[in-house]
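Asker: Just upload-v9.csv, nothing more (CSV, C-alpha atoms and all ligand atoms):
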```csv
chain,number,residue,atom,x,y,z
A,17,MET,CA,-20.5,10.6,14.2
A,18,ARG,CA,-17.4,12.8,14.7
A,19,ARG,CA,-14.5,11.4,12.6
A,20,VAL,CA,-11.1,10.9,14.1
A,21,ARG,CA,-9.0,13.9,13.3
A,22,ILE,CA,-5.4,13.2,12.3
A,23,ALA,CA,-2.3,15.4,12.1
A,24,VAL,CA,0.5,14.0,9.9
A,25,MET,CA,4.1,15.2,10.5
A,26,ILE,CA,6.6,14.9,7.6
A,27,SER,CA,10.0,16.1,6.5
A,28,GLY,CA,10.3,14.9,2.9
A,29,GLY,CA,8.5,13.6,-0.2
A,30,GLY,CA,5.4,12.5,1.7
A,31,SER,CA,4.7,9.2,-0.1
A,32,ASN,CA,3.4,7.7,3.2
A,33,LEU,CA,1.2,10.8,3.6
A,34,GLN,CA,-0.1,10.0,0.0
A,35,ALA,CA,-0.8,6.4,1.0
A,36,LEU,CA,-2.8,7.6,4.0
A,37,MET,CA,-4.8,10.1,2.0
A,38,ASP,CA,-5.6,7.4,-0.6
A,39,ALA,CA,-6.6,4.9,2.1
A,40,ILE,CA,-9.0,7.5,3.5
A,41,ASP,CA,-10.4,8.2,0.0
A,42,SER,CA,-10.9,4.5,-0.6
A,43,GLY,CA,-12.9,4.2,2.7
A,44,GLN,CA,-10.4,2.0,4.4
A,45,ILE,CA,-9.8,4.5,7.1
A,46,PRO,CA,-12.9,6.3,8.5
A,47,ALA,CA,-11.0,9.4,9.6
A,48,GLU,CA,-9.8,12.8,8.3
A,49,ILE,CA,-6.4,14.4,7.9
A,50,ALA,CA,-7.0,17.8,9.5
A,51,LEU,CA,-3.4,19.1,9.5
A,52,VAL,CA,0.0,18.4,8.0
A,53,ILE,CA,3.1,19.7,9.8
A,54,SER,CA,6.5,19.7,8.0
A,55,SER,CA,10.0,20.2,9.5
A,56,ASP,CA,11.1,21.5,6.1
A,57,LYS,CA,9.4,24.3,4.2
A,58,LYS,CA,10.5,22.7,0.8
A,59,ALA,CA,9.1,19.2,1.6
A,60,TYR,CA,7.2,17.9,-1.5
A,61,GLY,CA,4.8,16.4,1.0
A,62,LEU,CA,3.4,19.9,1.6
A,63,ASP,CA,2.4,20.2,-2.0
A,64,ARG,CA,0.5,16.8,-1.8
A,65,ALA,CA,-1.4,18.2,1.2
A,66,LYS,CA,-2.2,21.5,-0.4
A,67,LYS,CA,-3.5,19.8,-3.5
A,68,ARG,CA,-6.1,18.1,-1.1
A,69,GLY,CA,-6.9,21.4,0.6
A,70,ILE,CA,-5.4,20.2,3.9
A,71,PRO,CA,-4.1,23.0,6.2
A,72,VAL,CA,-0.3,22.9,6.4
A,73,ASP,CA,2.4,24.4,8.7
A,74,CYS,CA,6.2,24.2,9.3
A,75,LEU,CA,7.9,23.3,12.7
A,76,PRO,CA,10.4,23.6,14.1
A,77,GLU,CA,11.5,27.0,13.1
A,78,LYS,CA,15.3,27.6,13.4
A,79,GLU,CA,16.8,27.7,16.9
A,80,MET,CA,13.6,26.6,18.7
A,81,SER,CA,14.1,25.3,22.3
A,82,GLU,CA,12.4,21.9,23.2
A,83,ASP,CA,10.0,23.8,25.5
A,84,LEU,CA,9.0,26.3,22.8
A,85,LEU,CA,8.7,23.5,20.2
A,86,SER,CA,6.4,21.5,22.6
A,87,GLU,CA,4.2,24.6,23.1
A,88,GLU,CA,4.0,25.3,19.4
A,89,ILE,CA,3.2,21.7,18.4
A,90,LEU,CA,0.5,21.3,21.2
A,91,ARG,CA,-1.0,24.7,20.4
A,92,ARG,CA,-1.6,23.6,16.8
A,93,LEU,CA,-2.8,20.1,17.7
A,94,HIS,CA,-5.3,21.6,20.1
A,95,ALA,CA,-6.4,24.3,17.6
A,96,PHE,CA,-7.2,21.6,15.1
A,97,SER,CA,-8.8,19.2,17.7
A,98,ILE,CA,-6.3,16.5,16.8
A,99,ASP,CA,-7.0,12.9,18.1
A,100,LEU,CA,-4.1,11.1,16.5
A,101,VAL,CA,-0.6,12.2,15.4
A,102,LEU,CA,1.3,10.3,12.7
A,103,LEU,CA,5.0,10.6,12.1
A,104,ALA,CA,5.4,9.8,8.4
A,105,GLY,CA,9.0,10.4,7.6
A,106,TYR,CA,9.3,13.2,10.3
A,107,LEU,CA,13.0,13.4,11.0
A,108,LYS,CA,12.9,15.4,14.2
A,109,LYS,CA,12.5,14.0,17.8
A,110,ILE,CA,9.0,14.7,19.2
A,111,PRO,CA,9.4,16.5,22.6
A,112,GLU,CA,8.6,14.4,25.7
A,113,LYS,CA,5.9,16.9,26.7
A,114,VAL,CA,4.0,16.2,23.5
A,115,VAL,CA,4.4,12.4,24.0
A,116,LYS,CA,3.0,12.7,27.5
A,117,VAL,CA,0.0,14.7,26.4
A,118,TYR,CA,-0.7,12.3,23.4
A,119,GLU,CA,0.1,9.1,25.3
A,120,GLU,CA,-0.5,6.2,22.8
A,121,GLY,CA,-1.8,8.8,20.4
A,122,ILE,CA,1.3,9.2,18.3
A,123,ILE,CA,2.2,6.5,15.7
A,124,ASN,CA,5.5,6.3,13.8
A,125,VAL,CA,6.7,4.3,10.7
A,126,HIS,CA,10.3,3.2,10.8
A,127,PRO,CA,12.0,1.6,7.7
A,128,SER,CA,13.5,-1.5,9.5
A,129,LEU,CA,12.4,-4.5,11.6
A,130,ILE,CA,12.7,-2.9,15.1
A,131,PRO,CA,14.9,-3.4,17.1
A,132,ALA,CA,17.3,-4.0,14.2
A,133,PHE,CA,18.8,-0.9,12.6
A,134,SER,CA,16.8,1.5,14.9
A,135,GLY,CA,17.5,4.2,17.5
A,136,LYS,CA,19.8,7.2,17.4
A,137,GLY,CA,21.3,7.8,13.9
A,138,PHE,CA,19.1,5.2,12.2
A,139,TYR,CA,16.7,7.1,9.9
A,140,GLY,CA,15.9,7.2,6.1
A,141,GLU,CA,18.7,6.1,3.8
A,142,LYS,CA,21.1,5.6,6.7
A,143,VAL,CA,19.0,2.5,7.6
A,144,HIS,CA,19.1,0.9,4.2
A,145,ARG,CA,22.9,1.6,3.8
A,146,ALA,CA,23.5,-0.2,7.1
A,147,VAL,CA,21.2,-3.1,6.1
A,148,HIS,CA,23.2,-3.3,2.8
A,149,GLU,CA,26.6,-3.2,4.5
A,150,ARG,CA,25.6,-5.8,7.1
A,151,GLY,CA,24.3,-8.1,4.3
A,152,VAL,CA,21.2,-9.1,6.2
A,153,LYS,CA,18.7,-11.3,4.2
A,154,ILE,CA,15.6,-10.0,5.8
A,155,THR,CA,14.7,-6.4,6.5
A,156,GLY,CA,11.3,-4.7,6.5
A,157,ALA,CA,9.3,-1.9,8.2
A,158,THR,CA,7.7,-1.3,11.6
A,159,VAL,CA,4.8,0.8,12.7
A,160,HIS,CA,4.8,1.6,16.5
A,161,PHE,CA,3.5,3.9,19.1
A,162,VAL,CA,5.9,6.7,20.1
A,163,ASN,CA,7.1,6.9,23.7
A,164,GLU,CA,10.0,8.9,25.2
A,165,GLY,CA,12.6,6.6,23.6
A,166,MET,CA,13.9,6.6,20.0
A,167,ASP,CA,12.0,3.9,18.1
A,168,GLU,CA,11.3,2.1,21.4
A,169,GLY,CA,7.5,2.4,21.7
A,170,PRO,CA,5.1,-0.6,21.5
A,171,ILE,CA,5.1,-2.3,18.1
A,172,ILE,CA,1.7,-2.3,16.3
A,173,LEU,CA,2.6,-3.9,12.9
A,174,GLN,CA,5.7,-5.2,11.1
A,175,GLU,CA,6.2,-6.7,7.6
A,176,SER,CA,9.4,-8.2,6.2
A,177,VAL,CA,11.3,-7.8,2.9
A,178,SER,CA,13.6,-10.7,1.7
A,179,LEU,CA,16.9,-9.7,0.2
A,180,THR,CA,19.5,-11.5,-1.9
A,181,GLY,CA,22.4,-9.3,-0.9
A,182,LEU,CA,22.7,-7.9,-4.4
A,183,GLU,CA,20.3,-5.0,-3.8
A,184,THR,CA,21.7,-1.4,-3.5
A,185,PRO,CA,20.6,0.7,-0.5
A,186,GLU,CA,18.3,2.6,-2.9
A,187,GLU,CA,16.6,-0.6,-4.1
A,188,ILE,CA,16.2,-1.8,-0.5
A,189,GLY,CA,14.6,1.6,0.3
A,190,LYS,CA,12.1,1.2,-2.6
A,191,LYS,CA,11.1,-2.3,-1.5
A,192,VAL,CA,10.7,-1.2,2.2
A,193,LEU,CA,8.7,1.9,1.2
A,194,GLU,CA,6.1,-0.3,-0.6
A,195,VAL,CA,5.6,-2.2,2.7
A,196,GLU,CA,5.4,1.1,4.6
A,197,HIS,CA,2.6,2.2,2.3
A,198,ARG,CA,0.6,-0.9,3.3
A,199,ILE,CA,1.2,-1.3,7.0
A,200,LEU,CA,1.0,2.4,8.1
A,201,PRO,CA,-2.6,2.8,6.7
A,202,LYS,CA,-3.5,-0.6,8.2
A,203,ALA,CA,-2.2,0.3,11.6
A,204,VAL,CA,-4.2,3.6,11.5
A,205,GLU,CA,-7.3,1.7,10.4
A,206,LEU,CA,-6.9,-0.6,13.4
A,207,PHE,CA,-6.4,2.4,15.7
A,208,VAL,CA,-9.3,4.4,14.4
A,209,LYS,CA,-11.6,1.3,14.6
A,210,ASN,CA,-10.4,0.8,18.2
A,211,LYS,CA,-9.1,-2.6,17.4
A,212,LEU,CA,-5.8,-2.3,19.3
A,213,LYS,CA,-5.1,-3.4,22.9
A,214,ASN,CA,-2.0,-2.8,24.9
A,215,GLN,CA,-1.2,-5.9,27.0
A,216,GLN,CA,1.8,-5.2,29.2
A,217,GLY,CA,3.6,-3.3,26.4
A,218,ARG,CA,2.6,-5.7,23.7
A,219,ILE,CA,0.1,-4.4,21.2
A,220,LEU,CA,-2.6,-7.0,20.4
A,221,VAL,CA,-5.2,-6.8,17.6
A,222,LYS,CA,-8.6,-7.3,19.3
A,223,GLY,CA,-10.1,-10.6,18.0
A,224,ASP,CA,-6.6,-12.2,17.7
A,225,GLU,CA,-6.7,-13.4,21.4
A,226,VAL,CA,-9.9,-15.4,20.8
A,227,ARG,CA,-8.1,-17.9,18.5
A,301,LIG,C1,10.3,6.5,5.0
A,301,LIG,O1,11.1,5.5,4.6
A,301,LIG,C2,10.2,6.5,6.5
A,301,LIG,O2,10.2,5.3,7.1
A,301,LIG,C3,11.4,7.2,6.9
A,301,LIG,O3,11.5,8.3,5.9
A,301,LIG,C4,10.9,7.9,4.7
A,301,LIG,C5,9.9,8.9,4.3
A,301,LIG,O4,9.3,8.7,3.2
A,301,LIG,N1,11.5,7.7,8.2
A,301,LIG,P1,8.1,9.6,2.6
A,301,LIG,O5,8.4,11.1,2.9
A,301,LIG,O6,6.8,9.2,3.3
A,301,LIG,O7,8.1,9.4,1.2
```
What's the structure tokens form of this structure?
Answerer:
Amino acid sequence: MRRVRIAVMISGGGSNLQALMDAIDSGQIPAEIALVISSDKKAYGLDRAKKRGIPVDCLPEKEMSEDLLSEEILRRLHAFSIDLVLLAGYLKKIPEKVVKVYEEGIINVHPSLIPAFSGKGFYGEKVHRAVHERGVKITGATVHFVNEGMDEGPIILQESVSLTGLETPEEIGKKVLEVEHRILPKAVELFVKNKLKNQQGRILVKGDEVR
């Protein structure tokens, strides 16, 4: 049977990409990563992919219009027969045209409990700094489908992290990344095994509703 073909989009270290590759190797996710696209040529995540012999590419190139970026992304996704796109620390906005073509076929991981600390300006370290400054006692991570909004798509999985208020933004980031490395592969496993159902914008895990 044809395995689900995944493209992973990154911008940095790629520890979430590593967690996905390990989950595929362990047999948790019956799929294959067929392409890795980075927004930064120097991203360490590209080295992780090359080590596994996964084809890599870089987008956007400087001064690329949204239309041209859409075309370039879609050309590559079609050339590699991609079924599912994962945003794993990809810090650029995905053009609306791509979101339309891959409706409920793009999944993002965000390092907070959406809707808290999400949307425009909330990404990477900026999230954990805001969490630290606000002094919240519970933060966490969210995996969601991508729609035209910023971090507004239907939520697939969330997991929380308890804080004492003493943690630095870096320590918060480390704790949240551990959670990301668990729930992103889990969400992909559920997607690939066709265990997700969208009920009026709420994502249910099939089998949950029979309780
Ligand atoms: C993660 O915390 C992700 O939620 C955020 O950027 C970070 C990327 O980490 N958007 P990595 O590149 O997967 O290590």
Asker: So how many Å separate CA of Ile89 (chain A) and CA of Ser31 (chain A), to one decimal?
Answerer: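 CA of Ser31 (chain A) lies 22.4 Å from CA of Ile89 (chain A).
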Asker: Expressed in Å to a single decimal, how great is the separation between CA of Glu120 (chain A) and CA of Met25 (chain A)?
Answerer: 15.9 Å
Asker: Restricting the calculation to all atoms listed in the file, which member of A:Asn214, A:Asn124, A:Ser42, A:Ser86 is positioned closest to ligand LIG 301 (chain A)?
Answerer: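 Under the stated criterion, the closest residue is A:Asn124.
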Asker: Which protein, DNA or RNA residues have an atom within 6 Å of ligand LIG 301 (chain A), counting only C-alpha atoms and all ligand atoms, as a PyMOL selection string?
Answerer: chain A and resi 28-33+104-105+125-127+139-140+193
Asker: Counting only C-alpha atoms, find residues at most 9 Å from (11.9, -9.4, -0.8) (file frame) and give them as number ranges by chain.
Answerer: A: 153-156, 176-180, 188, 191-192
Asker: May I ask which of the residues A:Glu168, A:Glu88, A:Glu112, A:Glu205 is the closest one to Ile53 (chain A), counting all atoms listed in the file?
Answerer: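 Looking only at the distances to Ile53 (chain A), the closest residue turns out to be A:Glu88.
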Asker: What gap, in Å, lies between CA of Ala146 (chain A) and CA of Leu62 (chain A)?
Answerer: 29.0 Å
Asker: The residues within 7 Å of (5.5, -3.2, 6.5), using all atoms listed in the file and the coordinates of the file, should be reported as a list in words; which are they?
Answerer: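 Looking at atoms near the point gives Gly156, Ala157, Thr158, Gln174, Glu175, Ser176, Val195, Glu196, Arg198 and Ile199 of chain A.
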Asker: A:Ala95, A:Ile70, A:Met37, A:Leu103: which is nearest Ser55 (chain A), counting only C-alpha atoms?
Answerer: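 Of A:Ala95, A:Ile70, A:Met37, A:Leu103, the one nearest Ser55 (chain A) is A:Leu103, counting only C-alpha atoms.
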Asker: Env of Asp224 (chain A): 12 Å cut, atoms = only C-alpha atoms, seq-sep filter 3 positions within chain, self excluded. Answer as a VMD selection string.
Answerer: chain A and resid 211 to 213 219 to 221 227
Asker: Could you tell me which of A:Arg68, A:Ile98, A:Leu84, A:Ser128 comes closest to Gly189 (chain A) if we count all atoms listed in the file?
Answerer: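 Checking each of A:Arg68, A:Ile98, A:Leu84, A:Ser128 against Gly189 (chain A), counting all atoms listed in the file, the winner is A:Ser128.
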Asker: For each of A:Lys58, A:Lys222, A:Lys116, A:Arg145, take the minimum atom-to-atom distance to Asn163 (chain A), counting only C-alpha atoms, then give the residue where this is smallest.
Answerer: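 Closest to Asn163 (chain A), using only C-alpha atoms: A:Lys116.
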Asker: Which residue out of A:Gln34, A:Gly121, A:His144, A:Leu102 has the minimum interatomic distance to Lys67 (chain A) when only C-alpha atoms are used?
Answerer: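 Closest to Lys67 (chain A), using only C-alpha atoms: A:Gln34.
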Asker: As a list in words, please: the residues near Tyr118 (chain A) (cut-off 9 Å, all atoms listed in the file, same-chain neighbours under 6 positions excluded).
Answerer: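 Listed by chain and then number, they are Asp99, Leu100 and Val101 of chain A.
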Asker: Any chance you could build region 135-146 of chain A out to all heavy atoms and write it as a PDB file, in the coordinates of the input?
Answerer:
```
ATOM      1  N   GLY A 135      16.867   3.376  16.452  1.00  0.00           N
ATOM      2  CA  GLY A 135      17.500   4.200  17.500  1.00  0.00           C
ATOM      3  C   GLY A 135      18.277   5.347  16.893  1.00  0.00           C
ATOM      4  O   GLY A 135      18.227   5.612  15.694  1.00  0.00           O
ATOM      5  N   LYS A 136      19.080   5.968  17.766  1.00  0.00           N
ATOM      6  CA  LYS A 136      19.800   7.200  17.400  1.00  0.00           C
ATOM      7  C   LYS A 136      20.651   6.979  16.128  1.00  0.00           C
ATOM      8  O   LYS A 136      21.339   5.964  16.001  1.00  0.00           O
ATOM      9  CB  LYS A 136      20.749   7.604  18.551  1.00  0.00           C
ATOM     10  CG  LYS A 136      21.147   9.072  18.515  1.00  0.00           C
ATOM     11  CD  LYS A 136      21.727   9.509  19.853  1.00  0.00           C
ATOM     12  CE  LYS A 136      22.286  10.919  19.850  1.00  0.00           C
ATOM     13  NZ  LYS A 136      21.899  11.780  18.722  1.00  0.00           N
ATOM     14  N   GLY A 137      20.545   7.856  15.176  1.00  0.00           N
ATOM     15  CA  GLY A 137      21.300   7.800  13.900  1.00  0.00           C
ATOM     16  C   GLY A 137      20.753   6.937  12.866  1.00  0.00           C
ATOM     17  O   GLY A 137      21.212   6.977  11.719  1.00  0.00           O
ATOM     18  N   PHE A 138      19.742   6.122  13.172  1.00  0.00           N
ATOM     19  CA  PHE A 138      19.100   5.200  12.200  1.00  0.00           C
ATOM     20  C   PHE A 138      17.848   5.871  11.641  1.00  0.00           C
ATOM     21  O   PHE A 138      16.781   5.771  12.265  1.00  0.00           O
ATOM     22  CB  PHE A 138      18.851   3.860  12.737  1.00  0.00           C
ATOM     23  CG  PHE A 138      20.067   2.990  12.863  1.00  0.00           C
ATOM     24  CD1 PHE A 138      20.636   2.759  14.111  1.00  0.00           C
ATOM     25  CD2 PHE A 138      20.643   2.419  11.753  1.00  0.00           C
ATOM     26  CE1 PHE A 138      21.771   1.957  14.226  1.00  0.00           C
ATOM     27  CE2 PHE A 138      21.769   1.619  11.860  1.00  0.00           C
ATOM     28  CZ  PHE A 138      22.339   1.396  13.101  1.00  0.00           C
ATOM     29  N   TYR A 139      17.932   6.548  10.494  1.00  0.00           N
ATOM     30  CA  TYR A 139      16.700   7.100   9.900  1.00  0.00           C
ATOM     31  C   TYR A 139      16.937   7.145   8.359  1.00  0.00           C
ATOM     32  O   TYR A 139      18.067   7.189   7.876  1.00  0.00           O
ATOM     33  CB  TYR A 139      16.384   8.468  10.421  1.00  0.00           C
ATOM     34  CG  TYR A 139      17.505   9.474  10.312  1.00  0.00           C
ATOM     35  CD1 TYR A 139      17.659  10.238   9.163  1.00  0.00           C
ATOM     36  CD2 TYR A 139      18.423   9.630  11.332  1.00  0.00           C
ATOM     37  CE1 TYR A 139      18.696  11.137   9.042  1.00  0.00           C
ATOM     38  CE2 TYR A 139      19.463  10.535  11.235  1.00  0.00           C
ATOM     39  CZ  TYR A 139      19.595  11.290  10.087  1.00  0.00           C
ATOM     40  OH  TYR A 139      20.635  12.172   9.963  1.00  0.00           O
ATOM     41  N   GLY A 140      15.829   7.091   7.594  1.00  0.00           N
ATOM     42  CA  GLY A 140      15.900   7.200   6.100  1.00  0.00           C
ATOM     43  C   GLY A 140      16.925   6.308   5.501  1.00  0.00           C
ATOM     44  O   GLY A 140      17.095   5.152   5.865  1.00  0.00           O
ATOM     45  N   GLU A 141      17.706   6.870   4.556  1.00  0.00           N
ATOM     46  CA  GLU A 141      18.700   6.100   3.800  1.00  0.00           C
ATOM     47  C   GLU A 141      19.772   5.479   4.640  1.00  0.00           C
ATOM     48  O   GLU A 141      20.304   4.426   4.297  1.00  0.00           O
ATOM     49  CB  GLU A 141      19.413   7.126   2.811  1.00  0.00           C
ATOM     50  CG  GLU A 141      18.685   7.327   1.479  1.00  0.00           C
ATOM     51  CD  GLU A 141      18.324   5.971   0.849  1.00  0.00           C
ATOM     52  OE1 GLU A 141      19.226   5.165   0.664  1.00  0.00           O
ATOM     53  OE2 GLU A 141      17.115   5.743   0.649  1.00  0.00           O
ATOM     54  N   LYS A 142      20.047   6.096   5.801  1.00  0.00           N
ATOM     55  CA  LYS A 142      21.100   5.600   6.700  1.00  0.00           C
ATOM     56  C   LYS A 142      20.748   4.121   7.088  1.00  0.00           C
ATOM     57  O   LYS A 142      21.629   3.264   7.223  1.00  0.00           O
ATOM     58  CB  LYS A 142      21.245   6.420   7.931  1.00  0.00           C
ATOM     59  CG  LYS A 142      21.833   7.796   7.619  1.00  0.00           C
ATOM     60  CD  LYS A 142      22.266   8.499   8.878  1.00  0.00           C
ATOM     61  CE  LYS A 142      22.911   9.836   8.496  1.00  0.00           C
ATOM     62  NZ  LYS A 142      23.665  10.402   9.626  1.00  0.00           N
ATOM     63  N   VAL A 143      19.447   3.856   7.253  1.00  0.00           N
ATOM     64  CA  VAL A 143      19.000   2.500   7.600  1.00  0.00           C
ATOM     65  C   VAL A 143      19.349   1.518   6.526  1.00  0.00           C
ATOM     66  O   VAL A 143      19.964   0.476   6.745  1.00  0.00           O
ATOM     67  CB  VAL A 143      17.504   2.483   7.939  1.00  0.00           C
ATOM     68  CG1 VAL A 143      17.004   1.060   8.136  1.00  0.00           C
ATOM     69  CG2 VAL A 143      17.174   3.345   9.154  1.00  0.00           C
ATOM     70  N   HIS A 144      18.980   1.876   5.301  1.00  0.00           N
ATOM     71  CA  HIS A 144      19.100   0.900   4.200  1.00  0.00           C
ATOM     72  C   HIS A 144      20.618   0.725   3.843  1.00  0.00           C
ATOM     73  O   HIS A 144      21.016  -0.367   3.421  1.00  0.00           O
ATOM     74  CB  HIS A 144      18.343   1.438   2.980  1.00  0.00           C
ATOM     75  CG  HIS A 144      16.909   1.743   3.333  1.00  0.00           C
ATOM     76  ND1 HIS A 144      16.107   0.832   3.972  1.00  0.00           N
ATOM     77  CD2 HIS A 144      16.166   2.870   3.189  1.00  0.00           C
ATOM     78  CE1 HIS A 144      14.916   1.366   4.179  1.00  0.00           C
ATOM     79  NE2 HIS A 144      14.930   2.606   3.725  1.00  0.00           N
ATOM     80  N   ARG A 145      21.431   1.769   4.064  1.00  0.00           N
ATOM     81  CA  ARG A 145      22.900   1.600   3.800  1.00  0.00           C
ATOM     82  C   ARG A 145      23.458   0.616   4.838  1.00  0.00           C
ATOM     83  O   ARG A 145      24.224  -0.273   4.489  1.00  0.00           O
ATOM     84  CB  ARG A 145      23.591   2.968   3.929  1.00  0.00           C
ATOM     85  CG  ARG A 145      24.862   3.018   3.102  1.00  0.00           C
ATOM     86  CD  ARG A 145      25.439   4.413   2.945  1.00  0.00           C
ATOM     87  NE  ARG A 145      24.427   5.344   2.431  1.00  0.00           N
ATOM     88  CZ  ARG A 145      24.077   6.468   3.064  1.00  0.00           C
ATOM     89  NH1 ARG A 145      24.615   6.773   4.227  1.00  0.00           N
ATOM     90  NH2 ARG A 145      23.161   7.279   2.564  1.00  0.00           N
ATOM     91  N   ALA A 146      23.019   0.729   6.093  1.00  0.00           N
ATOM     92  CA  ALA A 146      23.500  -0.200   7.100  1.00  0.00           C
ATOM     93  C   ALA A 146      23.041  -1.611   6.865  1.00  0.00           C
ATOM     94  O   ALA A 146      23.808  -2.569   7.024  1.00  0.00           O
ATOM     95  CB  ALA A 146      23.040   0.291   8.502  1.00  0.00           C
TER      96      ALA A 146
END
```
